Amino acid sequence: MRDSPDVRVLVPVAVLEGQVIPDQLVHLLSETTVVLLAYHEIPEQTAPEQAREQFEPKAREELDDLVSVFEAAGATVETRLVFTHDLDQTTERIATEAECDAVLLSNPAPTIDRIIVPIKEAINLDTITKVAAAVGKRGDVDLTLFQAVQDDGAVPDGEALLDEVANDLAVLGVNREHVSRVVVVAQNPLQALIEGADDHDVVVMGEEKPTLRGRLFGETSDRVAEQTVGPVLVVRRPLEPEPDADDADGPANPDGPT
């Protein structure tokens, strides 16, 4: 991940399916660099080059309109247009290539007044804090720092960690009066977060390392997005070290040139 004060957010958009980014989300991301990933999923038997030839003019027109909306709100905008067989793989690839700090899982956003930021542990805390500050320093939203712990004995350490994050947010320009801290004791941290998110409009959470449970039941961020009503900003974890060239045999690019 980059060591830079600016925040880069990947915003995937189904460009030919009429997907709309709510004005409230545009406003929320106006202090960031928005990387618009305009995508169109295509059947396995369709070549990306064939789809590009057929659909690119319309897709470019829709993408240009989105760029204008974000730029009018003050955001810096970059774009990628892809025709892909595998959206998840493409999203990960573009997020890596564009050095994005976070990826937006878009849900409806009628209002954005309160943002919840679950803090699980100190891993990747600097980037999570940076992203939270970018969306929380405008002064028209409140941030709730949230942690679920296993027992009462862990509460003081949880409170100390959230105090540290609150101090870092203040350094980054977030008004302390707009930041609250909540530590709850819960045997099921995911359910506690979903319940805590009920009265919030956006979740900003860290990406977890892939696990077998995640592959079987879905990644935590996806499950939160499915069970809450608002958008989720997933802060990407640091990249794993690259394998040796002799051992690397990654999959081919699923969507051709961007």
# chains A, B, ... in the order shown; residues from 1 in each chain; ligands from 1
>>> select_by_dssp(residues="range 38-238 of chain A", states="strand (DSSP E)", output="number ranges by chain")
A: 38-41, 76-84, 102-105, 114-118, 142-149, 179-185, 202-206, 232-235
>>> select_by_dssp(residues="range 3-235 of chain A", states="helix (DSSP H, G or I)", output="ChimeraX atom specification")
/A:23-28,48-73,87-97,125-136,152-171,176-178,189-199,212-217,220-227
>>> atom_distance(atom1="CA of Val171 in chain A", atom2="CA of Ala132 in chain A")
12.4 Å
>>> closest_atom_pairs(of="range 64-155 of chain A", to="range 35-43 of chain A", cutoff="7 Å", atoms="only C-alpha atoms", output="tab-separated table")
residue	atom	partner	partner_atom	distance
A:Val77	CA	A:Val35	CA	5.9
A:Glu78	CA	A:Val35	CA	4.7
A:Thr79	CA	A:Leu36	CA	4.7
A:Arg80	CA	A:Leu37	CA	4.9
A:Leu81	CA	A:Ala38	CA	4.8
A:Val82	CA	A:Tyr39	CA	4.9
A:Phe83	CA	A:His40	CA	4.9
A:Thr84	CA	A:Glu41	CA	5.0
A:His85	CA	A:Ile42	CA	5.4
A:Leu87	CA	A:Glu41	CA	6.9
>>> closest_residue(among="A:Gly136, A:Asp201, A:Arg181, A:Thr127", to="Ala148 in chain A", atoms="only C-alpha atoms")
A:Arg181
>>> atom_distance(atom1="CA of Val232 in chain A", atom2="CA of Val203 in chain A")
4.7 Å
>>> closest_residue(among="A:Glu159, A:Asp88, A:Glu97, A:Asp6", to="Leu172 in chain A", atoms="only C-alpha atoms")
A:Asp6
